[in-house]
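Worksheet for the structure shown next.
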Amino acid sequence: MKIHIKTFGCTANKADSHRIMQLLASQGHVFIDNPDLSDLIVVNTCTVTETTQQKVLKYINLLSDLDKDIVVAGCLPAAQPDTLAGIDSPSVTPASLDDITDIVGSNFIDSNIVGSNGITAPAPYDVPILDGVTGIVSISQGCAGQCSYCIVKQARGKLVSRPVPDIVDEIRSLVQRGAREIQITSQDTSAYGMDMGVRLPELLRDVTAVEGDYMIRVGMMNPFTVIDIIDDVIESFQSPHIFKFLHIPIQSGSDKVLQHMNRKHTSEEFKYIIDTFRNNFPGMVISTDFIVGYPTETEQDFIDTLELLKEIRPQKVNITRYSPRPNTHSSHLRDLPSWNKKERSRRLTKVHHTVNRELFRKRIGDTTHVLTTEVGKDNSTIGRDIYYNNIVVKEDLPLGNWYDVKITGSTITYLIGEIKK
């Protein structure tokens, strides 16, 4: 069959979609970019926010005008199957999370049949995910938390971690096939192994023992799951194979709001984690997430968030306007006006851009070692230094190589460099 796949959402969703493509391609199916020419369309969905959900539903409704078989899989049908009831098309087949893991050959599900389409999946994780020189490795599914606003647990379920040897074998296979950047991903990487007595530092110790020229980017870690293992995580990050990059969401600078969110950490604990990593790895890139306009957030709570952003000065910030998700605790609370959330989002974004301009301008004139990982626009190449800074070189360079690059300019999101001759 000719199959078109559309992916919404996080790295874990992208990993699922890559696995669908690689596994089904190994059976002779062909993936194409044009949905009009396809026999089957797979929509791998996200429902983490109302805005994303509406984009997904709009896309599905547009597709339903085509005379195509459509499989709607991923988080939306898993957490909110009723949302698909209003789509007036007999060609749309909702597929639960179990169904999508059947498609991708997940080791969490034994069944082989997907929906009504009769697609059979090979054995679990038979085909490592390699996109150019970047490998994506899912180390667990599900979540150990219970945040009051979050629908992810409804979609992904409780924490289920993969065995260490399986992950090591997958990374070894990726390295042998030419992977130079390997992204370790899950809903919470520092929760890895809490369900089976092995934690993230042990996993990182074993995977970085794999021989080869590669770098590992460790995915998002929640404060409450990393703080009890922070010393061991720091030790494992000493490996030359690990990018000195930390993605750790705070969501609010107000302890009152964090408590209402059921985040299981305080702002001081968050700052302690940041300081500990920076003390051990000066120059470390910090990424964090904020939710603005939570129902109980006052103006003072928001000011606390602004002040925290100014204090920790992260290089990467994801800002989301709160939207109530069905069957979550916070959905029963009175929502703030949309204009209020929009105004706070703009204020926070403005501060973040100011911080980034200052941080990036200080890098101009530096020389850094860069691994080329992506093809950029207009014959440019995108690379990463040891801190995972996004560096654009305006030359068409082969991927997977290291270069000494002089930083010559910057924007609010990336650095610009030239190969040092």
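Chain lettering (A, B, ...) mirrors the order of the structure tokens, residue numbering begins at 1 for each chain separately, and ligand numbering begins at 1 in order of display.
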
Pick out the residues sitting within 12 Å of Arg346 (chain A), and hand them over as number ranges by chain; count only C-alpha atoms, and ignore anything fewer than 5 positions along from it in its own chain. A: 292-293, 306, 319-321, 339-341, 351-353

Could you name the residues that touch region 147-162 of chain A at 9 Å or less, counting only C-alpha atoms, but leaving out those on the same chain fewer than 2 positions away, as a count of residues only? 49

Closest of A:Ile60, A:Ile312, A:Ile184, A:Ile416 to Arg361 (chain A), counting only C-alpha atoms, is A:Ile416

For region 365-371 of chain A, find every residue with an atom within 7 Å (counting only C-alpha atoms), except residues of its own chain fewer than 5 positions away, and show them as a ChimeraX atom specification. /A:383-385,400-408

Could you find all residues in region 1-36 of chain A that DSSP calls strand (DSSP E or B) from the backbone, and write them as a list in words? Lys2, Ile3, His4, Ile5, Lys6, Thr7, Val30 and Phe31 of chain A

Within 7 Å of Met215 (chain A), counting only C-alpha atoms, which residues show up once you throw out same-chain ones fewer than 2 positions away? Write them as a PyMOL selection string, please. chain A and resi 180-182+217+241-243

Calculated over only C-alpha atoms, which of the candidates A:Leu24, A:Leu415, A:Ile286, A:Glu358 has the smallest distance to Lys271 (chain A)? A:Ile286

I need the alpha helix (DSSP H) residues of region 93-320 of chain A per DSSP on the backbone, written as a PyMOL selection string. chain A and resi 97-103+152-156+164-176+200-207+223-226+230-237+255-261+267-280+299-312

CA of Glu170 (chain A) and CA of Glu202 (chain A), how far apart in Å?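 Atom-to-atom, CA of Glu202 (chain A) to CA of Glu170 (chain A), that is 16.2 Å.
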
Name the closest residue to Gln300 (chain A) among the candidates A:Pro240, A:Gly253, A:Pro337, A:Gly283; distances are taken between atoms, counting only C-alpha atoms.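 Counting only C-alpha atoms, the residue closest to Gln300 (chain A) is A:Gly253.
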
Quote the spacing between CA of Gly219 (chain A) and CA of Thr189 (chain A) in Å to one decimal place.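 Taking CA of Gly219 (chain A) and CA of Thr189 (chain A), their separation equals 6.0 Å.
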
So, counting only C-alpha atoms, which residue among A:Arg205, A:Arg363, A:Arg313, A:Lys14 is closest to Ser239 (chain A)? A:Arg205

Select, from A:Leu40, A:Ile273, A:Ile382, A:Val285, the residue with the minimum atom-to-atom distance to Ile230 (chain A), counting only C-alpha atoms. A:Ile273

Do a neighbour search on Thr349 (chain A) at 12 Å with only C-alpha atoms, toss out local chain neighbours closer than 5 positions, and write the hits as a VMD selection string. chain A and resid 289 to 292 305 to 306 309 to 310 316 to 321 342 to 344 354 to 356 412

All residues 9 Å or closer to Phe270 (chain A), only C-alpha atoms, same chain fewer than 4 positions away omitted, as an MDAnalysis selection string: chainID A and resid 223:224 227 248:250 265:266 274:275
